[in-house]
Each structure stands twice: as structure tokens, then as C-alpha cells.
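Enquirer: To start, I am sharing the structure in question, which I have written as C-alpha cells.
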Amino acid sequence: PSLEAIALDPVPFCHGVIPNFIQCPGFLDGLQRELLSLDFHPKCNDLYKFKQSDDLKKRKEPHISALRKVLFEEFREWLSAVTQVELEPTIDLSCAKYEYTDVLLCHDDELEGRRIAFILYLVPLWEKSDGGTLDLYSTDGRFQPQQVVKSLVPSWNSLAFFEVSPVSFHQVSEVLTEGKCRLSVSGWFHGPSVARPPRYIESLLPRSPHLPYDHEILYEWINPVYLDMDSQAQIQEEFEERSELLLKNFLKGEKFQLVCEALQKEDIKWNHQGPPNKRCYEKAEEGSLPDILRKCLEFFHSEALFLLLSNFTGLKLHFLASSDDENEEGEEGRAANCTGHSSSKPKQGESSQKANGDADQVDQPENDPQTKESDTKNNWNAEYGGFTSYIAKGEDEELLTVNPENNCLALVYRDKETLKFVKYVNHRSLEHPKKQQSRAGFWDFSFVYYE
Ligand SMILES: O=C(O)CCC(=O)C(=O)O
Ligand SMILES: [Fe+2]
């Protein structure tokens with residue numbers, strides 16, 4: 001390629017785009033054919049959902065081999081010269097396929113030795129409205145991403161590259177068009193590592209003590225089937241065995257209705273939560289809440305509920321709650337699904353997300369007319385995202401997934417080694433029959449109670 005005219009753009013961090021990267025006619029069609037016949041593996045976690053090929057480092061296909069040679073010989077030398085970054089010939093190359101609702105959320109690419117990232121696109125005619133843009137973020141003084149300040153729309157045979165650094169925050173926005181495939185070959189050039197600033201650690205959210213309300217408040221809010229002693233004992237037994245449970249139709253029907261209606265009030269001020277590499281949802285400003293929602297929050301903070309939850313879980317969530325510490329069976333039971341056994345603590349000061357869903361449940365109250373209706377009409381499809389995933393720290397293995405469900409209280413035991421995230425809610429969620437909602441997504445009340 002003739003690369004004289006390619007300009008580097010330093011904002012928001014050093015990057016460039018080379019249109020018409022490969023000039024040999026027909027080469028890209030051959031390359032695309034080879035790439036599409038590779039095995040692709042679905043990749044899905046808190047950060048992304050897309051498909052990735054096997055490593056391209058050792059593939060013998062003629063076009064793939066030729067591309068590898070161009071990239072890691074000629075192109076590397078040119079790039080090294082224009083960016084003034086010393087680059088080694090280490091090969092790091094793979095192929096990615098992003099289709100409808102696939103996404104790669106905000107991240108910085110930082111990994112030992114990575115110096116420059118590059119992506120060659122093999123996409124059909126593509127517009128910004130198709131999604132799948134490579135978005136570049138600005139950062140604040142603490143090297144934390146702020147907002148997208150530039151969006152690069154992929155196009156056939158264009159190559160984007162950028163310097164990997166503590167501020168190289170970027171994302172692949174969600175692909176919005178069904179039937180369009182965003183195929184790319186991407187990788188990194190490696191070089192001598194550079195010193196990095198220490199990682200910014202967020203302070204944890206302050207914990208709030210319970211509010212002095214007695215058990216009256218429970219009868220005001222909670223479906224009475226959960227308040228008799230026998231069902232509390234049954235719930236506790238179940239929780240101690242499974243470390244999780246779902247209480248369907250948890251709030252009284254009329255309270256649930258009032259809460260749902262109030263959540264749609266225009267005067268609630270919803271504040272976007274960030275930074276975007278850590279979280280992405282809106283949180284209501286407490287001062288802007290209608291009365292019923294403020295009351296609902298008070299209920300979740302009430303001393304009576306701390307005690308009830310202690311009964312439900314066998315955990316000492318209130319100093320007056322009896323502890324199961326001497327009871328060995330209880331201890332083993334709780335430890336069964338979650339690794340280790342100590343107090344539950346949120347990671348990154350996450351205030352978010354309690355959802356509800358798909359897991360096992362205690363016997364359901366049969367006398368509630370809402371059960372069937374909400375089951376059939378309002379099921380949240382896991383393909384929309386929005387489920388809460390619990391994972392063991394340092395492992396990929398999923399411990400539990402909880403799908404959101406109307407008026408369902410999900411209780412999940414977490415220790416320090418258990419992390420959680422709420423999966424990105426994608427555009428498929430707009431297919432959801434809109435009963436009360438006027439927009440995508442859902443509302444939840446989420447709390448962490450400590451032992
Ligand atoms: O495909 C793109 O445009 C960027 C991909 C990316 O950021 C990555 O794979 O780390
Ligand atoms: Fe990246």
C-alpha cells in the first residue's frame with residue numbers, strides 16, 4: 001500500500017485509518033472466503049459477545065499466510081517508523097465476527113507488551129446506523145474513560161490502528177442490523193513494555209444502617225404467604241441448601257402495581273452511571289422519587305426486613321438475628337454453591353442490580369392470581385441480556401444466572417470470592433412486548449445485606 005498520505009490523529013489518543021489497505025485485486029475476496037470457513041467460537045462475558053476464530057498465527061491457508069506476512073513485515077516497519085514505537089515481529093492475530101446484538105464494551109486493550117492494536121475490516125456496505133462502530137473515548141485526569149468522542153465506521157478493506165496506552169479506551173458498539181456481518185482480522189504489535197500509572201481504585205459505597213421500622217411494614221408490603229413461620233422455615237431450609245432462591249410475587253399485588261406506575265413518572269431524575277468500563281445503567285436520584293418509591297426504599301432498609309431476611313437465609317444480617325454458627329449442617333449447606341464461606345461483599349462498590357429469574361424456587365404460593373399471567377406475558381428472554389451472572393473470582397465458570405422477572409425477589413448468597421455482573425441489555429430487548437414500559441430495559445431494586 002502507498003502509505004505516505006496517512007495522517008496520525010492524536011485525539012483522543014494516537015490512531016489512524018488506512019482506506020484501501022490491500023491493493024491486490026481479488027485478494028480480499030479470497031481472504032474472506034478462507035476466514036469464513038474457519039471455526040468460530042462464541043465468546044460471551046461481562047465485556048463482550050461475539051465470535052472469534054482459532055488463532056491465525058499458524059494457519060496455512062494462502063491468503064491468511066500472505067496477510068500475516070504483509071502485516072508483520074512491511075506494515076510493521078512502516079508503523080514503527082510513523083509512530084516512533086519500537087515493534088517486535090511477534091505475531092498476534094485472530095479473526096472476529098460481530099453479528100446482530102454483538103458488542104465489545106469499553107476497554108483499553110492493555111496487556112503486557114501490547115503496543116499497537118490494528119483491525120482490518122471485511123464488511124459489506126456499512127453505515128453508522130448499522131452500529132458496530134469502533135468508538136474512541138476521552139479520559140479524565142485519573143485515566144478513566146468518559147465519553148465517546150469519535151466513532152469510526154468500518155468499511156471494506158480499511159485498516160484502523162491505535163497505540164495501546166492507559167488512555168486507549170474504546171468499544172465496538174452493538175451491531176444493530178440483522179443479517180449484516182462485521183468480519184475483521186485484528187491483532188496487536190508488541191514491543192518493550194512501558195511504565196504504567198497505578199490502576200485507579202474506586203472507593204466503596206458507604207453502607208447504610210437499617211431504619212427503625214417494626215414488622216407492621218412487612219404486612220404492608222409483602223405477600224402474606226411469605227410471612228407465616230412455616231414458610232419462613234421452609235425458605236430457610238431451601239436457601240441453606242442452594243445459597244439462592246426466588247420469591248415470586250414477593251410484594252403485594254397492589255403495591256407492585258403502584259411501584260410500577262410510579263417508576264414511569266416523568267419527574268424522576270435518572271442519572272447515568274459510569275465510568276463506561278465499569279458500569280452502564282441509570283440510577284434514580286433519591287430526592288426526585290415519588291412518595292411510593294421512597295417508601296419502598298424505606299421498606300428495603302427497614303429493620304423488620306433485615307430480620308425477615310435473616311430468617312429467610314439463616315444469615316445474621318441483623319445483630320438480633322440468631323446465628324447458625326454452631327449448626328454445622330447449615331454451614332455446609334450455604335457453602336455448597338458458592339466457593340468459600342465468609343461475609344458477602346460487593347466488588348467495585350456496585351450498588352446495582354438485583355434481578356430475578358430462572359433459577360430454582362421454593363414452592364410457589366398457588367393462591368396468587370398473578371402467577372400465571374406474569375409467567376406467560378412478561379418473561380424476559382435471556383437473549384436480551386439483562387440477566388445477573390455470578391462468577392467465582394479469577395475463574396470463567398458461571399456459578400449462577402438470574403433472569404429478571406416481574407415482582408420476584410432473588411436472594412443470592414455471595415462471599416468475597418463471588419463476583420456479579422448484569423449482562424449488557426441489547427437491542428433485541430425492544431422485541432419484548434411492551435406492557436408498561438415505554439423503553440427498553442427494566443427496573444430493579446438492588447441491595448447488598450451484610451453478615
Ligand atoms: O473490531 C474493532 O473495531 C475493535 C476490536 C477490539 O477492540 C478488540 O478486539 O480488542
Ligand atoms: Fe480492543
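For the C-alpha cells, the naming scheme is as follows: chains receive sequential letters (A, B, ...) according to their order of presentation, residues are indexed from 1 within each chain, and ligands are indexed from 1 in presentation order.
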Excluding region 299-306 of chain A and its own-chain neighbours fewer than 6 positions away, which residues fall within 9 Å of it when counting only C-alpha atoms? Please give them as number ranges by chain.

Expert: A: 208-218, 221, 316-318, 321, 445, 447, 449

Enquirer: Each residue of chain A lying at most 8 Å from ligand 1 should get a row with its shortest atom-to-atom pair and the distance in Å to one decimal, counting only C-alpha atoms and all ligand atoms; could you produce that, ordered by chain and increasing number, as a Markdown table?

Expert:
| residue | atom | partner | partner_atom_place_in_ligand_line | distance |
| --- | --- | --- | --- | --- |
| A:Ala96 | CA | ligand 1 | 1 (O) | 7.3 |
| A:Leu104 | CA | ligand 1 | 7 (O) | 7.0 |
| A:His107 | CA | ligand 1 | 7 (O) | 7.5 |
| A:Asp108 | CA | ligand 1 | 10 (O) | 7.8 |
| A:Asp109 | CA | ligand 1 | 10 (O) | 5.7 |
| A:Ala117 | CA | ligand 1 | 10 (O) | 7.7 |
| A:Phe118 | CA | ligand 1 | 4 (C) | 7.8 |
| A:Ile119 | CA | ligand 1 | 2 (C) | 5.8 |
| A:Tyr121 | CA | ligand 1 | 1 (O) | 7.7 |
| A:Gly132 | CA | ligand 1 | 3 (O) | 7.6 |
| A:Thr133 | CA | ligand 1 | 3 (O) | 6.8 |
| A:Leu134 | CA | ligand 1 | 3 (O) | 4.6 |
| A:Pro154 | CA | ligand 1 | 3 (O) | 7.3 |
| A:Ala160 | CA | ligand 1 | 3 (O) | 7.5 |
| A:His170 | CA | ligand 1 | 7 (O) | 6.4 |
| A:Gln171 | CA | ligand 1 | 7 (O) | 5.9 |
| A:Val172 | CA | ligand 1 | 3 (O) | 5.6 |
| A:Ser184 | CA | ligand 1 | 1 (O) | 6.4 |
| A:Val185 | CA | ligand 1 | 1 (O) | 8.0 |
| A:Ser186 | CA | ligand 1 | 9 (O) | 6.5 |
| A:Gly187 | CA | ligand 1 | 9 (O) | 7.3 |

Enquirer: Using only C-alpha atoms and all ligand atoms, which of the listed residues (A:Leu111, A:Leu308, A:Cys280, A:Ala195) sits closest to ligand 2?

Expert: A:Leu111

Enquirer: Which of these, A:Asp230, A:Glu110, A:Glu397, A:Glu86, has the shortest distance to ligand 2 once you count only C-alpha atoms and all ligand atoms?

Expert: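 Of A:Asp230, A:Glu110, A:Glu397, A:Glu86, the one nearest ligand 2, counting only C-alpha atoms and all ligand atoms, is A:Glu110.
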
Enquirer: One decimal, Å: what's the distance from CA of Val17 (chain A) over to CA of Leu67 (chain A), could you say?

Expert: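 For CA of Val17 (chain A) relative to CA of Leu67 (chain A), the distance reads 17.4 Å.
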
Enquirer: Which is closest to Lys150 (chain A) among A:Gly386, A:Gly441, A:Pro10, A:Gly314, if we use only C-alpha atoms?

Expert: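 Checking each candidate against Lys150 (chain A), we get A:Pro10 as the closest.
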
Enquirer: Considering only C-alpha atoms, state which residue in the set A:Leu411, A:Leu125, A:Leu245, A:Leu289 is at the smallest distance from Ile268 (chain A).

Expert: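 Of all the options, A:Leu289 lies closest to Ile268 (chain A).
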
Enquirer: For a quick check of understanding, using only C-alpha atoms and all ligand atoms, which of A:Ser129, A:Tyr137, A:Pro124, A:Leu87 has the smallest distance to ligand 2?

Expert: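 Among the listed residues, A:Tyr137 lies closest to ligand 2.
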
Enquirer: Nearest to Asp9 (chain A) among A:Asp396, A:Glu237, A:Glu163, A:Asp39, with distances taken over only C-alpha atoms: which residue is it?

Expert: A:Glu163

Enquirer: Expressed in Å to a single decimal, how great is the separation between CA of Leu419 (chain A) and CA of Tyr390 (chain A)?

Expert: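 For CA of Leu419 (chain A) relative to CA of Tyr390 (chain A), the distance reads 5.6 Å.
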
Enquirer: Residues within 7 Å of Leu38 (chain A), please, as a ChimeraX atom specification. Count only C-alpha atoms; anything in the same chain fewer than 3 positions from it doesn't count.

Expert: /A:34-35,53

Enquirer: Take the residues just selected and output them with all heavy atoms as a CSV table (one decimal), in the first residue's frame.

Expert:
chain,number,residue,atom,x,y,z
A,34,GLU,N,-11.5,-17.7,3.0
A,34,GLU,CA,-10.8,-18.5,3.9
A,34,GLU,C,-11.2,-18.3,5.4
A,34,GLU,O,-11.4,-19.2,6.2
A,34,GLU,CB,-9.3,-18.2,3.8
A,34,GLU,CG,-8.7,-18.8,2.5
A,34,GLU,CD,-7.2,-18.4,2.3
A,34,GLU,OE1,-6.6,-17.8,3.2
A,34,GLU,OE2,-6.7,-18.7,1.3
A,35,LEU,N,-11.4,-17.0,5.7
A,35,LEU,CA,-11.8,-16.6,7.1
A,35,LEU,C,-13.1,-17.2,7.4
A,35,LEU,O,-13.3,-17.8,8.5
A,35,LEU,CB,-11.8,-15.1,7.2
A,35,LEU,CG,-10.5,-14.4,7.1
A,35,LEU,CD1,-10.7,-12.9,7.1
A,35,LEU,CD2,-9.5,-14.8,8.2
A,53,SER,N,-12.3,-16.6,15.8
A,53,SER,CA,-11.8,-17.7,15.1
A,53,SER,C,-10.7,-18.3,15.9
A,53,SER,O,-10.2,-17.8,16.9
A,53,SER,CB,-11.2,-17.3,13.7
A,53,SER,OG,-10.0,-16.6,14.0

Enquirer: So that I can check the surroundings of His15 (chain A), please list as a ChimeraX atom specification every protein, DNA and RNA residue that reaches within 6 Å of it, counting only C-alpha atoms and ignoring chain neighbours fewer than 3 positions away.

Expert: /A:8-9,161-162

Enquirer: Given the selection you just returned, output its residues as a file containing all heavy atoms, formatted as a CSV table (one decimal), in the first residue's frame.

Expert:
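See out_12.csv below for the written result:
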chain,number,residue,atom,x,y,z
A,8,LEU,N,-1.7,10.6,11.3
A,8,LEU,CA,-2.0,10.1,12.6
A,8,LEU,C,-2.8,11.2,13.3
A,8,LEU,O,-2.6,12.3,13.2
A,8,LEU,CB,-0.7,9.9,13.4
A,8,LEU,CG,0.2,8.8,13.0
A,8,LEU,CD1,1.3,8.7,14.1
A,8,LEU,CD2,-0.5,7.5,12.8
A,9,ASP,N,-3.9,10.7,14.0
A,9,ASP,CA,-4.7,11.7,14.7
A,9,ASP,C,-4.4,11.4,16.2
A,9,ASP,O,-4.6,10.3,16.7
A,9,ASP,CB,-6.2,11.4,14.4
A,9,ASP,CG,-7.1,12.5,14.9
A,9,ASP,OD1,-6.7,13.2,15.9
A,9,ASP,OD2,-8.2,12.7,14.3
A,161,PHE,N,-5.9,1.5,13.3
A,161,PHE,CA,-4.9,1.2,14.3
A,161,PHE,C,-4.8,2.2,15.3
A,161,PHE,O,-5.2,3.4,15.1
A,161,PHE,CB,-3.5,1.0,13.6
A,161,PHE,CG,-2.9,2.2,12.9
A,161,PHE,CD1,-2.1,3.1,13.7
A,161,PHE,CD2,-3.2,2.5,11.6
A,161,PHE,CE1,-1.6,4.2,13.1
A,161,PHE,CE2,-2.7,3.7,11.0
A,161,PHE,CZ,-1.9,4.5,11.8
A,162,PHE,N,-4.3,1.9,16.5
A,162,PHE,CA,-4.1,2.8,17.6
A,162,PHE,C,-3.1,2.3,18.5
A,162,PHE,O,-2.8,1.1,18.7
A,162,PHE,CB,-5.4,3.2,18.3
A,162,PHE,CG,-6.1,2.0,18.9
A,162,PHE,CD1,-5.8,1.6,20.2
A,162,PHE,CD2,-7.1,1.3,18.3
A,162,PHE,CE1,-6.4,0.5,20.8
A,162,PHE,CE2,-7.8,0.2,18.9
A,162,PHE,CZ,-7.4,-0.2,20.1

Enquirer: Could you give me, as an MDAnalysis selection string, the residues within 9 Å of Arg76 (chain A), counting only C-alpha atoms and dropping anything in the same chain fewer than 5 positions from it?

Expert: chainID A and resid 70:71 81 87:89 189

Enquirer: Expressed in Å to a single decimal, how great is the separation between CA of Ile391 (chain A) and CA of Asn45 (chain A)?

Expert: 10.2 Å

Enquirer: Per DSSP on the backbone, filter region 18-236 of chain A down to the residues in helix (DSSP H, G or I) and report them as a ChimeraX atom specification.

Expert: /A:27-36,62-83,128-130,216-221,224-226,229-236

Enquirer: Could you please take those selected residues and save N, CA and C atoms as a compact mmCIF listing (two decimals), in the first residue's frame?

Expert:
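Result saved to out-v4.txt:
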# COMPACT_ATOMS: atom_id res chain seq x y z
N PHE A 27 -7.74 -10.18 -3.89
CA PHE A 27 -7.12 -10.80 -2.71
C PHE A 27 -8.10 -10.90 -1.54
N LEU A 28 -8.82 -9.81 -1.30
CA LEU A 28 -9.69 -9.78 -0.13
C LEU A 28 -10.85 -10.77 -0.23
N ASP A 29 -11.32 -11.00 -1.46
CA ASP A 29 -12.39 -11.99 -1.62
C ASP A 29 -11.88 -13.37 -1.21
N GLY A 30 -10.66 -13.66 -1.63
CA GLY A 30 -10.05 -14.94 -1.26
C GLY A 30 -9.84 -15.03 0.24
N LEU A 31 -9.39 -13.93 0.82
CA LEU A 31 -9.16 -13.89 2.27
C LEU A 31 -10.48 -14.10 3.01
N GLN A 32 -11.50 -13.40 2.55
CA GLN A 32 -12.81 -13.51 3.21
C GLN A 32 -13.32 -14.95 3.17
N ARG A 33 -13.14 -15.58 2.02
CA ARG A 33 -13.58 -16.98 1.87
C ARG A 33 -12.85 -17.87 2.89
N GLU A 34 -11.55 -17.70 2.98
CA GLU A 34 -10.79 -18.52 3.93
C GLU A 34 -11.22 -18.26 5.38
N LEU A 35 -11.41 -17.00 5.68
CA LEU A 35 -11.78 -16.65 7.06
C LEU A 35 -13.13 -17.24 7.44
N LEU A 36 -14.09 -17.12 6.51
CA LEU A 36 -15.43 -17.58 6.84
C LEU A 36 -15.51 -19.10 6.98
N PRO A 62 -3.46 -19.92 2.01
CA PRO A 62 -2.59 -18.98 1.29
C PRO A 62 -2.87 -17.50 1.56
N HIS A 63 -4.14 -17.09 1.57
CA HIS A 63 -4.42 -15.66 1.78
C HIS A 63 -4.12 -15.24 3.21
N ILE A 64 -4.46 -16.11 4.16
CA ILE A 64 -4.19 -15.78 5.56
C ILE A 64 -2.68 -15.67 5.79
N SER A 65 -1.93 -16.60 5.21
CA SER A 65 -0.47 -16.55 5.35
C SER A 65 0.11 -15.28 4.74
N ALA A 66 -0.42 -14.93 3.57
CA ALA A 66 0.09 -13.74 2.88
C ALA A 66 -0.22 -12.47 3.68
N LEU A 67 -1.41 -12.42 4.24
CA LEU A 67 -1.78 -11.24 5.04
C LEU A 67 -0.87 -11.13 6.27
N ARG A 68 -0.65 -12.26 6.90
CA ARG A 68 0.21 -12.29 8.09
C ARG A 68 1.59 -11.71 7.76
N LYS A 69 2.08 -12.11 6.57
CA LYS A 69 3.41 -11.64 6.16
C LYS A 69 3.41 -10.13 5.91
N VAL A 70 2.41 -9.67 5.22
CA VAL A 70 2.31 -8.21 4.95
C VAL A 70 2.25 -7.43 6.26
N LEU A 71 1.39 -7.89 7.16
CA LEU A 71 1.18 -7.15 8.40
C LEU A 71 2.44 -7.12 9.27
N PHE A 72 3.02 -8.28 9.47
CA PHE A 72 4.10 -8.35 10.47
C PHE A 72 5.49 -8.10 9.88
N GLU A 73 5.56 -7.81 8.55
CA GLU A 73 6.85 -7.40 7.97
C GLU A 73 6.75 -5.95 7.49
N GLU A 74 6.33 -5.78 6.24
CA GLU A 74 6.23 -4.42 5.66
C GLU A 74 5.49 -3.41 6.53
N PHE A 75 4.23 -3.81 6.86
CA PHE A 75 3.37 -2.85 7.57
C PHE A 75 3.95 -2.51 8.94
N ARG A 76 4.49 -3.52 9.62
CA ARG A 76 5.07 -3.28 10.95
C ARG A 76 6.18 -2.24 10.87
N GLU A 77 7.03 -2.36 9.83
CA GLU A 77 8.14 -1.41 9.70
C GLU A 77 7.64 0.01 9.46
N TRP A 78 6.65 0.11 8.60
CA TRP A 78 6.08 1.44 8.34
C TRP A 78 5.50 2.04 9.61
N LEU A 79 4.70 1.22 10.32
CA LEU A 79 4.01 1.68 11.52
C LEU A 79 5.01 2.11 12.60
N SER A 80 6.04 1.31 12.74
CA SER A 80 7.07 1.60 13.72
C SER A 80 7.72 2.96 13.41
N ALA A 81 7.92 3.22 12.12
CA ALA A 81 8.54 4.48 11.72
C ALA A 81 7.61 5.67 11.97
N VAL A 82 6.34 5.56 11.60
CA VAL A 82 5.47 6.72 11.77
C VAL A 82 5.06 6.96 13.23
N THR A 83 5.01 5.91 14.02
CA THR A 83 4.58 6.11 15.41
C THR A 83 5.76 6.26 16.35
N LYS A 128 -23.24 4.14 9.81
CA LYS A 128 -23.22 4.35 11.25
C LYS A 128 -24.45 3.74 11.93
N SER A 129 -25.59 3.82 11.22
CA SER A 129 -26.83 3.30 11.80
C SER A 129 -26.83 1.77 11.90
N ASP A 130 -25.87 1.10 11.29
CA ASP A 130 -25.75 -0.35 11.45
C ASP A 130 -25.11 -0.71 12.78
N GLU A 216 -44.82 -4.25 61.27
CA GLU A 216 -46.00 -3.73 60.55
C GLU A 216 -45.69 -3.48 59.07
N ILE A 217 -44.52 -2.97 58.85
CA ILE A 217 -44.15 -2.57 57.47
C ILE A 217 -44.10 -3.79 56.55
N LEU A 218 -43.81 -4.96 57.13
CA LEU A 218 -43.76 -6.17 56.32
C LEU A 218 -45.16 -6.53 55.82
N TYR A 219 -46.15 -6.38 56.70
CA TYR A 219 -47.53 -6.70 56.31
C TYR A 219 -48.08 -5.70 55.31
N GLU A 220 -47.52 -4.52 55.35
CA GLU A 220 -47.92 -3.51 54.39
C GLU A 220 -47.44 -3.87 52.97
N TRP A 221 -46.24 -4.43 52.88
CA TRP A 221 -45.58 -4.59 51.57
C TRP A 221 -45.54 -6.01 51.02
N PRO A 224 -48.52 -12.00 51.96
CA PRO A 224 -48.58 -12.66 53.28
C PRO A 224 -48.14 -14.12 53.28
N VAL A 225 -48.14 -14.77 52.12
CA VAL A 225 -47.71 -16.18 52.14
C VAL A 225 -46.26 -16.32 52.60
N TYR A 226 -45.48 -15.25 52.49
CA TYR A 226 -44.07 -15.33 52.90
C TYR A 226 -43.86 -14.99 54.37
N MET A 229 -44.71 -18.52 59.74
CA MET A 229 -43.49 -19.13 60.27
C MET A 229 -43.10 -20.39 59.51
N ASP A 230 -44.10 -21.17 59.10
CA ASP A 230 -43.79 -22.41 58.38
C ASP A 230 -43.09 -22.13 57.06
N SER A 231 -43.62 -21.15 56.32
CA SER A 231 -42.96 -20.90 55.03
C SER A 231 -41.58 -20.28 55.23
N GLN A 232 -41.42 -19.48 56.27
CA GLN A 232 -40.07 -18.94 56.55
C GLN A 232 -39.07 -20.06 56.83
N ALA A 233 -39.53 -21.06 57.57
CA ALA A 233 -38.64 -22.18 57.88
C ALA A 233 -38.30 -22.96 56.62
N GLN A 234 -39.30 -23.13 55.79
CA GLN A 234 -39.09 -23.86 54.53
C GLN A 234 -38.14 -23.10 53.62
N ILE A 235 -38.33 -21.79 53.57
CA ILE A 235 -37.47 -20.94 52.74
C ILE A 235 -36.02 -21.03 53.24
N GLN A 236 -35.86 -20.97 54.55
CA GLN A 236 -34.50 -21.02 55.10
C GLN A 236 -33.81 -22.35 54.76
